[in-house]
$ cat input.txt   # compact mmCIF, C-alpha atoms
# COMPACT_ATOMS: atom_id res chain seq x y z
CA MET U 1 38.48 29.76 -55.14
CA ILE U 2 35.33 27.89 -56.14
CA ILE U 3 33.92 28.16 -52.61
CA SER U 4 34.52 31.90 -52.59
CA PHE U 5 32.77 32.28 -55.94
CA LEU U 6 29.78 30.27 -54.71
CA LEU U 7 29.58 32.46 -51.60
CA LEU U 8 29.38 35.49 -53.87
CA LEU U 9 26.56 33.88 -55.87
CA LEU U 10 24.53 32.88 -52.82
CA PRO U 11 23.11 36.28 -51.84
CA ILE U 12 22.15 37.31 -55.41
CA PRO U 13 18.82 35.39 -55.62
CA VAL U 14 18.03 36.36 -52.02
CA ASN U 15 18.78 40.01 -52.70
CA GLY U 16 16.62 40.09 -55.84
CA THR U 17 13.70 38.44 -54.07
CA ILE U 18 13.94 40.84 -51.12
CA VAL U 19 13.90 43.87 -53.43
CA ARG U 20 10.88 42.63 -55.38
CA TYR U 21 9.04 41.51 -52.25
CA ARG U 22 9.47 44.83 -50.47
CA ALA U 23 8.41 46.74 -53.58
CA THR U 24 5.30 44.67 -54.37
CA TYR U 25 2.23 46.87 -54.20
CA TYR U 26 -0.74 45.15 -52.56
CA PRO U 27 -3.42 47.59 -51.35
CA ARG U 28 -5.76 46.53 -48.62
CA PRO U 29 -9.05 45.19 -49.99
CA LYS U 30 -11.82 47.73 -49.65
CA VAL U 31 -15.05 46.59 -48.08
CA GLU U 32 -17.83 47.45 -50.52
CA THR U 33 -21.28 47.98 -49.07
CA GLN U 34 -23.92 46.40 -51.29
CA THR U 35 -27.46 47.77 -51.18
CA THR U 36 -30.03 45.00 -50.88
CA TYR U 37 -33.60 45.49 -51.90
CA SER U 38 -36.51 43.61 -50.42
CA GLN U 39 -39.08 41.96 -52.62
CA GLN U 40 -41.83 44.33 -51.52
CA PRO U 41 -41.09 48.01 -52.13
CA ILE U 42 -41.03 50.12 -48.98
CA LEU U 43 -43.49 52.93 -49.44
CA PRO U 44 -44.27 55.88 -47.23
CA VAL U 45 -47.51 56.04 -45.25
CA ASN U 46 -50.78 56.83 -47.07
CA VAL U 47 -49.32 56.01 -50.48
CA THR U 48 -51.15 53.50 -52.62
CA PRO U 49 -48.84 51.02 -54.32
CA VAL U 50 -48.82 50.94 -58.11
CA THR U 51 -50.86 48.07 -59.50
CA PRO U 52 -48.73 45.63 -61.48
CA ALA U 53 -49.50 45.40 -65.15
CA SER U 54 -50.09 41.66 -64.92
CA THR U 55 -52.97 42.06 -62.43
CA ALA U 56 -54.73 45.03 -64.03
CA SER U 57 -58.13 44.72 -65.66
CA GLY U 58 -58.57 44.19 -69.35
CA SER U 59 -59.48 47.80 -70.08
CA ASP U 60 -56.55 48.99 -67.98
CA LYS U 61 -54.18 46.74 -69.89
CA LYS U 62 -55.23 48.29 -73.18
CA ASP U 63 -54.85 51.83 -71.90
CA ALA U 64 -51.74 51.31 -69.89
CA GLY U 65 -49.54 49.89 -72.62
CA PRO U 66 -46.05 48.65 -71.82
CA GLN U 67 -45.05 49.66 -68.32
CA PRO U 68 -41.50 50.58 -67.35
CA ASP U 69 -39.61 48.26 -65.09
CA ARG U 70 -39.82 50.62 -62.13
CA GLU U 71 -43.63 50.59 -62.44
CA ALA U 72 -43.85 46.84 -62.89
CA GLY U 73 -43.65 46.10 -59.17
CA LEU U 74 -41.91 42.80 -58.56
CA ASP U 75 -41.37 41.61 -62.11
CA VAL U 76 -38.09 43.38 -62.94
CA LYS U 77 -36.10 41.66 -65.66
CA ILE U 78 -32.68 42.36 -67.09
CA ASN U 79 -31.99 41.62 -70.71
CA SER U 80 -29.26 39.03 -71.12
CA ASN U 81 -27.58 41.17 -73.74
CA THR U 82 -27.22 44.09 -71.34
CA SER U 83 -23.55 44.82 -70.60
CA LEU U 84 -22.90 45.17 -66.89
CA PRO U 85 -19.80 46.86 -65.48
CA ASP U 86 -16.96 44.49 -64.73
CA GLN U 87 -16.13 44.13 -61.05
CA ASN U 88 -12.48 43.31 -61.69
CA VAL U 89 -10.98 46.73 -62.27
CA VAL U 90 -7.37 46.58 -63.38
CA VAL U 91 -5.29 49.71 -62.94
CA GLY U 92 -2.46 49.85 -65.42
CA SER U 93 0.69 51.86 -65.40
CA VAL U 94 1.68 54.58 -67.80
CA ASN U 95 4.39 52.45 -69.37
CA ASP U 96 2.59 49.11 -69.37
CA ALA U 97 0.39 48.65 -72.38
CA SER U 98 -0.60 45.14 -71.43
CA ALA U 99 -1.72 45.99 -67.92
CA SER U 100 -5.29 44.95 -68.71
CA THR U 101 -4.16 41.33 -68.97
CA VAL U 102 -2.28 41.31 -65.68
CA PRO U 103 -3.86 38.85 -63.21
CA ALA U 104 -4.78 40.38 -59.90
CA LEU U 105 -3.06 39.25 -56.74
CA THR U 106 -5.17 36.69 -54.91
CA GLY U 107 -3.60 37.41 -51.54
CA PRO U 108 -0.83 39.27 -49.75
CA PRO U 109 2.61 38.64 -51.29
CA THR U 110 5.12 36.44 -49.51
CA PHE U 111 8.87 36.07 -49.83
CA PHE U 112 8.70 32.57 -51.31
CA GLY U 113 5.66 33.48 -53.42
CA VAL U 114 7.61 36.28 -55.12
CA PHE U 115 10.55 33.91 -55.67
CA LYS U 116 8.24 31.36 -57.34
CA SER U 117 6.69 34.03 -59.57
CA VAL U 118 10.10 35.19 -60.78
CA TRP U 119 11.21 31.60 -61.37
CA ARG U 120 8.09 30.70 -63.37
CA THR U 121 8.33 33.82 -65.53
CA GLU U 122 12.06 34.52 -65.96
CA GLN U 123 13.79 31.45 -64.49
CA PHE U 124 17.57 31.76 -64.02
CA GLU U 125 17.77 35.04 -65.90
CA GLY U 126 15.38 36.70 -63.45
CA ILE U 127 16.75 35.04 -60.34
CA PHE U 128 20.31 36.20 -61.02
CA LYS U 129 19.58 39.73 -62.19
CA GLY U 130 22.06 42.12 -60.63
CA PHE U 131 24.85 39.54 -60.92
CA PHE U 132 27.65 41.87 -61.99
CA PRO U 133 27.01 44.64 -59.41
CA ALA U 134 26.95 41.99 -56.70
CA LEU U 135 30.38 40.67 -57.72
CA PHE U 136 32.00 43.98 -56.77
CA LEU U 137 29.91 44.52 -53.65
CA SER U 138 32.17 42.78 -51.15
CA LEU U 139 35.28 44.39 -52.63
CA LEU U 140 33.91 47.94 -52.54
CA PHE U 141 31.68 48.08 -49.48
CA ALA U 142 32.39 44.98 -47.35
CA ARG U 143 28.83 43.71 -46.98
CA PHE U 144 26.92 40.53 -47.75
CA TYR U 145 24.23 41.93 -50.06
CA VAL U 146 23.09 45.25 -51.56
CA SER U 147 21.30 46.52 -48.50
CA PRO U 148 19.11 49.67 -48.36
CA ALA U 149 20.91 50.57 -45.13
CA PRO U 150 23.88 52.97 -45.15
CA VAL U 151 27.45 51.67 -45.17
CA THR U 152 28.79 51.94 -41.62
CA TYR U 153 30.72 48.69 -41.05
CA LEU U 154 34.51 49.24 -40.76
CA HIS U 155 34.17 52.98 -41.35
CA ASP U 156 34.81 56.00 -39.17
CA GLN U 157 33.50 59.55 -39.24
CA TYR U 158 36.01 60.53 -41.93
CA THR U 159 35.25 57.87 -44.54
CA ILE U 160 31.59 57.12 -43.91
CA LEU U 161 30.12 60.05 -45.86
CA PRO U 162 32.25 59.64 -49.04
CA TYR U 163 31.51 55.91 -49.13
CA ASN U 164 27.77 56.45 -48.81
CA LEU U 165 27.73 59.11 -51.53
CA VAL U 166 29.22 56.47 -53.83
CA TYR U 167 26.93 53.78 -52.48
CA ILE U 168 23.65 55.61 -53.29
CA PRO U 169 24.05 55.44 -57.12
CA TYR U 170 25.32 51.88 -56.75
CA LEU U 171 22.21 50.97 -54.74
CA VAL U 172 19.85 52.68 -57.21
CA ALA U 173 21.47 51.06 -60.24
CA THR U 174 21.42 47.57 -58.70
CA TYR U 175 17.77 47.74 -57.66
CA ARG U 176 16.66 49.08 -61.03
CA ILE U 177 18.59 46.36 -62.85
CA ILE U 178 16.80 43.76 -60.74
CA VAL U 179 13.29 44.99 -61.62
CA ASN U 180 13.96 46.15 -65.19
CA PRO U 181 12.57 43.72 -67.81
CA HIS U 182 15.17 44.68 -70.42
CA LYS U 183 18.32 42.71 -71.07
CA PHE U 184 21.55 44.49 -70.23
CA ARG U 185 24.62 44.02 -72.41
CA LEU U 186 28.00 44.76 -70.92
CA ALA U 187 29.28 45.50 -74.41
CA GLU U 188 26.88 48.47 -74.64
CA PRO U 189 27.52 50.57 -71.52
CA LYS U 190 25.78 53.68 -72.92
CA ALA U 191 22.58 51.73 -73.53
CA MET U 192 22.76 50.30 -70.01
CA TYR U 193 23.27 53.77 -68.58
CA ARG U 194 20.17 55.07 -70.39
CA LEU U 195 18.08 52.10 -69.29
CA ILE U 196 18.99 52.61 -65.63
CA PHE U 197 18.85 56.40 -65.25
CA THR U 198 16.37 58.88 -66.70
CA GLU U 199 17.28 61.84 -68.87
CA TYR U 200 16.85 64.19 -65.93
CA GLU U 201 19.06 62.06 -63.67
CA ARG U 202 21.76 61.88 -66.31
CA GLY U 203 21.70 65.63 -66.86
CA HIS U 204 21.37 66.66 -63.20
CA PRO U 205 23.23 64.13 -61.03
CA PHE U 206 23.37 66.39 -57.98
CA ARG U 207 19.65 67.16 -58.14
CA PHE U 208 19.07 63.44 -58.32
CA PHE U 209 20.52 63.19 -54.81
CA GLN U 210 18.28 66.05 -53.71
CA TYR U 211 14.97 64.86 -55.19
CA SER U 212 15.35 61.09 -54.81
CA GLY U 213 14.39 61.19 -51.12
CA LEU U 214 17.26 58.88 -50.13
CA ILE U 215 19.50 61.35 -48.33
CA MET U 216 17.35 61.80 -45.20
CA PRO U 217 16.86 58.09 -44.31
CA LEU U 218 20.51 57.26 -44.99
CA LEU U 219 21.73 60.14 -42.82
CA PHE U 220 19.36 59.05 -40.07
CA GLY U 221 20.75 55.51 -40.29
CA ILE U 222 24.35 56.76 -40.14
CA VAL U 223 23.75 58.96 -37.09
CA PHE U 224 21.82 56.27 -35.22
CA ASP U 225 24.31 53.53 -35.99
CA MET U 226 27.43 55.57 -35.22
CA PHE U 227 26.29 57.42 -32.10
CA VAL U 228 23.57 55.22 -30.58
CA TYR U 229 23.66 51.58 -31.56
CA GLN U 230 27.40 50.90 -31.79
CA PRO U 231 28.34 52.52 -28.44
CA LEU U 232 25.47 50.87 -26.57
CA SER U 233 26.03 47.50 -28.20
CA LYS U 234 29.79 47.45 -27.55
CA TYR U 235 29.34 48.52 -23.95
CA ASN U 236 26.68 45.89 -23.34
CA LEU U 237 28.61 43.05 -24.99
CA GLN U 238 31.79 43.93 -23.09
CA ARG U 239 29.96 43.86 -19.78
CA LEU U 240 28.12 40.64 -20.59
CA GLY U 241 31.23 38.44 -20.52
CA VAL U 242 30.21 34.78 -19.93
CA PRO U 243 29.02 32.96 -22.01
CA PHE U 244 30.02 35.28 -24.87
CA ASP U 245 33.71 34.84 -23.94
CA VAL U 246 33.68 31.01 -24.34
CA PRO U 247 34.20 30.16 -20.68
CA SER U 248 36.23 27.28 -19.32
CA GLY U 249 34.66 24.38 -17.43
CA GLU U 250 34.93 25.98 -13.99
CA ASP U 251 33.59 29.33 -15.13
CA TRP U 252 30.67 27.63 -16.86
CA TYR U 253 29.91 25.64 -13.68
CA ASN U 254 29.90 28.81 -11.59
CA PHE U 255 27.76 30.56 -14.17
CA ILE U 256 25.09 27.85 -14.11
CA ASN U 257 25.03 27.22 -10.35
CA HIS U 258 25.59 30.81 -9.20
CA PRO U 259 23.83 32.95 -11.80
CA ASN U 260 24.65 36.60 -12.04
CA TRP U 261 21.34 38.39 -12.45
CA MET U 262 23.04 41.46 -13.81
CA PHE U 263 24.14 39.37 -16.77
CA TRP U 264 20.53 38.55 -17.63
CA VAL U 265 19.55 42.19 -17.23
CA ARG U 266 22.24 43.26 -19.68
CA LEU U 267 21.32 40.44 -22.06
CA ALA U 268 17.68 41.54 -21.96
CA ALA U 269 18.81 45.13 -22.60
CA HIS U 270 20.82 43.97 -25.61
CA PHE U 271 17.85 42.17 -27.18
CA SER U 272 15.61 45.12 -26.36
CA LEU U 273 18.01 47.33 -28.28
CA LEU U 274 17.78 44.94 -31.23
CA ALA U 275 13.98 45.07 -31.05
CA VAL U 276 14.02 48.88 -31.11
CA CYS U 277 16.32 48.82 -34.13
CA VAL U 278 13.98 46.46 -35.97
CA LEU U 279 10.93 48.60 -35.18
CA LEU U 280 12.70 51.73 -36.43
CA PHE U 281 14.72 50.55 -39.39
CA THR U 282 12.67 47.84 -41.10
CA PRO U 283 10.20 50.51 -42.34
CA VAL U 284 13.16 52.65 -43.39
CA ASP U 285 14.58 49.76 -45.43
CA VAL U 286 11.24 49.19 -47.18
CA ILE U 287 10.82 52.89 -48.02
CA VAL U 288 14.41 53.25 -49.27
CA THR U 289 13.87 50.21 -51.52
CA ARG U 290 10.83 51.81 -53.14
CA LEU U 291 12.38 55.24 -53.48
CA ALA U 292 15.53 53.79 -55.07
CA MET U 293 13.45 52.09 -57.78
CA GLN U 294 11.45 55.24 -58.55
CA PRO U 295 12.93 57.34 -61.37
CA VAL U 296 13.39 61.06 -60.88
CA HIS U 297 12.05 63.38 -63.61
CA GLY U 298 12.37 66.61 -61.65
CA PRO U 299 11.23 68.16 -58.38
CA PRO U 300 8.49 66.05 -56.78
CA ARG U 301 5.06 67.56 -57.41
CA ALA U 302 1.62 66.35 -56.46
CA GLU U 303 -0.24 66.39 -59.78
CA PRO U 304 -2.63 63.99 -61.50
CA ALA U 305 -1.17 61.52 -63.95
CA GLU U 306 -3.16 62.98 -66.87
CA GLU U 307 -1.56 66.42 -66.35
CA ARG U 308 2.01 65.15 -66.41
CA ASP U 309 4.36 65.41 -69.38
CA MET U 310 3.43 62.12 -71.00
CA GLU U 311 5.77 62.68 -73.94
CA LYS U 312 8.71 62.99 -71.56
CA LEU U 313 7.61 59.92 -69.62
CA SER U 314 7.24 57.88 -72.79
CA ALA U 315 10.78 58.85 -73.78
CA ASP U 316 11.94 57.27 -70.52
CA ALA U 317 9.54 54.34 -70.79
CA ALA U 318 12.41 51.88 -70.81
CA VAL U 319 13.55 53.14 -67.41
CA ILE U 320 11.89 51.32 -64.52
CA ALA U 321 9.26 49.39 -66.39
CA PRO U 322 8.73 46.68 -63.79
CA PRO U 323 7.53 43.27 -64.92
CA SER U 324 3.76 43.42 -64.68
CA TYR U 325 3.39 40.07 -62.94
CA LEU U 326 5.17 41.46 -59.85
CA HIS U 327 2.70 44.35 -59.28
CA LEU U 328 5.45 46.76 -58.27
CA THR U 329 4.91 50.47 -57.70
CA THR U 330 4.76 52.22 -61.08
CA GLU U 331 5.16 55.60 -62.70
CA GLN U 332 1.47 56.21 -62.19
CA GLN U 333 1.94 56.30 -58.42
CA PRO U 334 5.05 58.40 -57.69
CA TYR U 335 6.05 59.00 -54.10
CA LEU U 336 6.82 62.61 -53.25
CA GLY U 337 9.50 61.73 -50.70
CA PHE U 338 10.23 59.71 -47.60
CA VAL U 339 7.32 61.05 -45.52
CA ASP U 340 4.81 60.73 -48.36
CA CYS U 341 5.93 57.15 -49.03
CA PHE U 342 5.49 56.28 -45.35
CA GLN U 343 2.02 57.82 -45.18
CA ARG U 344 0.80 56.19 -48.38
CA ILE U 345 2.05 52.74 -47.44
CA VAL U 346 0.26 52.94 -44.08
CA LYS U 347 -2.92 54.28 -45.67
CA GLU U 348 -3.08 52.07 -48.77
CA GLU U 349 -1.33 48.86 -47.75
CA GLY U 350 -1.21 48.80 -43.94
CA TRP U 351 1.52 48.63 -41.31
CA GLY U 352 2.46 45.07 -42.18
CA THR U 353 3.99 46.17 -45.49
CA LEU U 354 6.54 48.29 -43.63
CA TYR U 355 7.88 45.21 -41.84
CA ARG U 356 8.56 42.93 -44.77
CA CYS U 357 11.77 40.91 -44.24
CA TRP U 358 12.11 42.10 -40.65
CA TRP U 359 14.22 39.04 -39.93
CA LEU U 360 16.88 40.37 -42.27
CA THR U 361 17.08 43.61 -40.28
CA ILE U 362 17.65 41.59 -37.09
CA LEU U 363 20.48 39.66 -38.73
CA GLY U 364 21.94 42.89 -40.04
CA PHE U 365 22.19 44.47 -36.62
CA TRP U 366 23.33 41.21 -35.02
CA ILE U 367 25.99 40.58 -37.70
CA PRO U 368 27.12 43.94 -39.14
CA PHE U 369 28.73 42.34 -42.20
CA ILE U 370 25.29 41.25 -43.43
CA ARG U 371 23.78 44.70 -43.18

$ encode --input "input.txt" --output "structure tokens"
Amino acid sequence: MIISFLLLLLPIPVNGTIVRYRATYYPRPKVETQTTYSQQPILPVNVTPVTPASTASGSDKKDAGPQPDREAGLDVKINSNTSLPDQNVVVGSVNDASASTVPALTGPPTFFGVFKSVWRTEQFEGIFKGFFPALFLSLLFARFYVSPAPVTYLHDQYTILPYNLVYIPYLVATYRIIVNPHKFRLAEPKAMYRLIFTEYERGHPFRFFQYSGLIMPLLFGIVFDMFVYQPLSKYNLQRLGVPFDVPSGEDWYNFINHPNWMFWVRLAAHFSLLAVCVLLFTPVDVIVTRLAMQPVHGPPRAEPAEERDMEKLSADAAVIAPPSYLHLTTEQQPYLGFVDCFQRIVKEEGWGTLYRCWWLTILGFWIPFIR
């Protein structure tokens, strides 16, 4: 009993760290071109340079008076009391009033770096956020952690769609609990419900499915897994045989001394299939993670933040107010859907962001219970 309970606790810190790591927003540093000026001004041909005030004659000094800095040649001085623009520009979110005090990321985020940040700031409370949804995960959906992938393990074409329609709200609620800074009380279910879902999502649950952007990637994952990966994988593993069938001593001897090259071809095909799955579905997992955390206030529209209904957003300020130290995507940067999220990640953060925790995708396809 104790071992089973510990096995249920094990994936909770890993799951929370994966969610935060995949959702951390780290734009690529922009290369700023600085204009350098030489000591001697570059003048066009046949133009006489202006005589500095310090070298003019006595009569010229009296007539000239104080010269502006641009006419003073080389002696350009800046008053120490002059306020220069700060180079460290901090972009805050709509809901984060203390965004100006948020330290900037010094480098690309890492899995263990995110774990350390959560531990230093929230300790056990932050590490084990999402504890109660995870307790019912194995009983309801038969998987190791709350994965952004669709539920396909141990399901057929008749049960897979109903289970995934139930799994989408479960996935959204778990991810938002993980990143929400508020404390959830099981004795106050109405307050929890309002902290997790926006007013629009509570009033229009079916439109939430439509506008969340989660339906298309999950359907793509179901179709690929059911009709492409599972048939090819089962066929390949059945034809592989030794050593996957735990051979006896004689069979192992024959396998080593008389290798069957077709076995290695099929083994290479199996790992190639895994590589294709990782290339396709690791970006999908990252995008689904970000879309699940993003609250829905209505149909997605491309409009500036200053033109949005700020009163309505402030009413839902408690919903998805990520801890500022994590630098997660915020209300100020809404994604318009799956395609827009993909394009913006590539443009703003680079291709590497789409392949965060790729090793988990490999394990998920290798061991279906994990995914």

$ closest_residue --input "input.txt" --among "U:Phe365, U:Phe131, U:Phe209, U:Tyr335" --to "Phe224 of chain U" --atoms "all atoms listed in the file"
U:Phe365

$ atom_distance --input "input.txt" --atom1 "atom CA of Ile370 of chain U" --atom2 "atom CA of Phe144 of chain U"
4.7 Å

$ closest_residue --input "input.txt" --among "U:Val166, U:Val339, U:Arg301, U:Leu274" --to "Trp359 of chain U" --atoms "all atoms listed in the file"
U:Leu274

$ closest_residue --input "input.txt" --among "U:Gln333, U:Thr110, U:Gln157, U:Thr174" --to "Ile196 of chain U" --atoms "only C-alpha atoms"
U:Thr174

$ closest_residue --input "input.txt" --among "U:Gly352, U:Pro283, U:Gly298, U:Pro108" --to "Pro29 of chain U" --atoms "all atoms listed in the file"
U:Pro108

$ atom_distance --input "input.txt" --atom1 "atom CA of Pro217 of chain U" --atom2 "atom CA of Ala149 of chain U"
8.6 Å

$ atom_distance --input "input.txt" --atom1 "atom CA of Leu328 of chain U" --atom2 "atom CA of Glu188 of chain U"
27.0 Å

$ closest_residue --input "input.txt" --among "U:Val118, U:Leu267, U:Met216, U:Ile168" --to "Asn236 of chain U" --atoms "only C-alpha atoms"
U:Leu267

$ closest_residue --input "input.txt" --among "U:Phe338, U:Tyr325, U:Tyr229, U:Tyr235" --to "Leu105 of chain U" --atoms "all atoms listed in the file"
U:Tyr325

$ build_atoms --input "input.txt" --residues "segment 9-25 of chain U" --atoms "N, CA and C atoms" --output "compact mmCIF listing (two decimals), in the coordinates of the input"
# COMPACT_ATOMS: atom_id res chain seq x y z
N LEU U 9 27.81 34.13 -55.15
CA LEU U 9 26.56 33.88 -55.87
C LEU U 9 25.37 33.69 -54.94
N LEU U 10 25.62 33.23 -53.73
CA LEU U 10 24.53 32.88 -52.82
C LEU U 10 23.58 34.03 -52.52
N PRO U 11 24.06 35.23 -52.21
CA PRO U 11 23.11 36.28 -51.84
C PRO U 11 22.37 36.91 -53.01
N ILE U 12 22.76 36.62 -54.27
CA ILE U 12 22.15 37.31 -55.41
C ILE U 12 20.67 36.96 -55.55
N PRO U 13 20.25 35.67 -55.56
CA PRO U 13 18.82 35.39 -55.62
C PRO U 13 18.06 35.91 -54.40
N VAL U 14 18.69 35.86 -53.23
CA VAL U 14 18.03 36.36 -52.02
C VAL U 14 17.83 37.87 -52.11
N ASN U 15 18.86 38.57 -52.59
CA ASN U 15 18.78 40.01 -52.70
C ASN U 15 17.69 40.42 -53.70
N GLY U 16 17.64 39.77 -54.85
CA GLY U 16 16.62 40.09 -55.84
C GLY U 16 15.21 39.84 -55.33
N THR U 17 15.03 38.74 -54.61
CA THR U 17 13.70 38.44 -54.07
C THR U 17 13.30 39.45 -53.00
N ILE U 18 14.24 39.86 -52.16
CA ILE U 18 13.94 40.84 -51.12
C ILE U 18 13.51 42.16 -51.74
N VAL U 19 14.23 42.60 -52.77
CA VAL U 19 13.90 43.87 -53.43
C VAL U 19 12.50 43.81 -54.03
N ARG U 20 12.20 42.75 -54.75
CA ARG U 20 10.88 42.63 -55.38
C ARG U 20 9.78 42.49 -54.33
N TYR U 21 10.05 41.73 -53.28
CA TYR U 21 9.04 41.51 -52.25
C TYR U 21 8.70 42.81 -51.52
N ARG U 22 9.71 43.57 -51.17
CA ARG U 22 9.47 44.83 -50.47
C ARG U 22 8.79 45.87 -51.36
N ALA U 23 8.98 45.76 -52.66
CA ALA U 23 8.41 46.74 -53.58
C ALA U 23 7.07 46.31 -54.16
N THR U 24 6.59 45.12 -53.85
CA THR U 24 5.30 44.67 -54.37
C THR U 24 4.17 45.49 -53.77
N TYR U 25 3.34 46.02 -54.64
CA TYR U 25 2.23 46.87 -54.20
C TYR U 25 0.97 46.02 -54.06
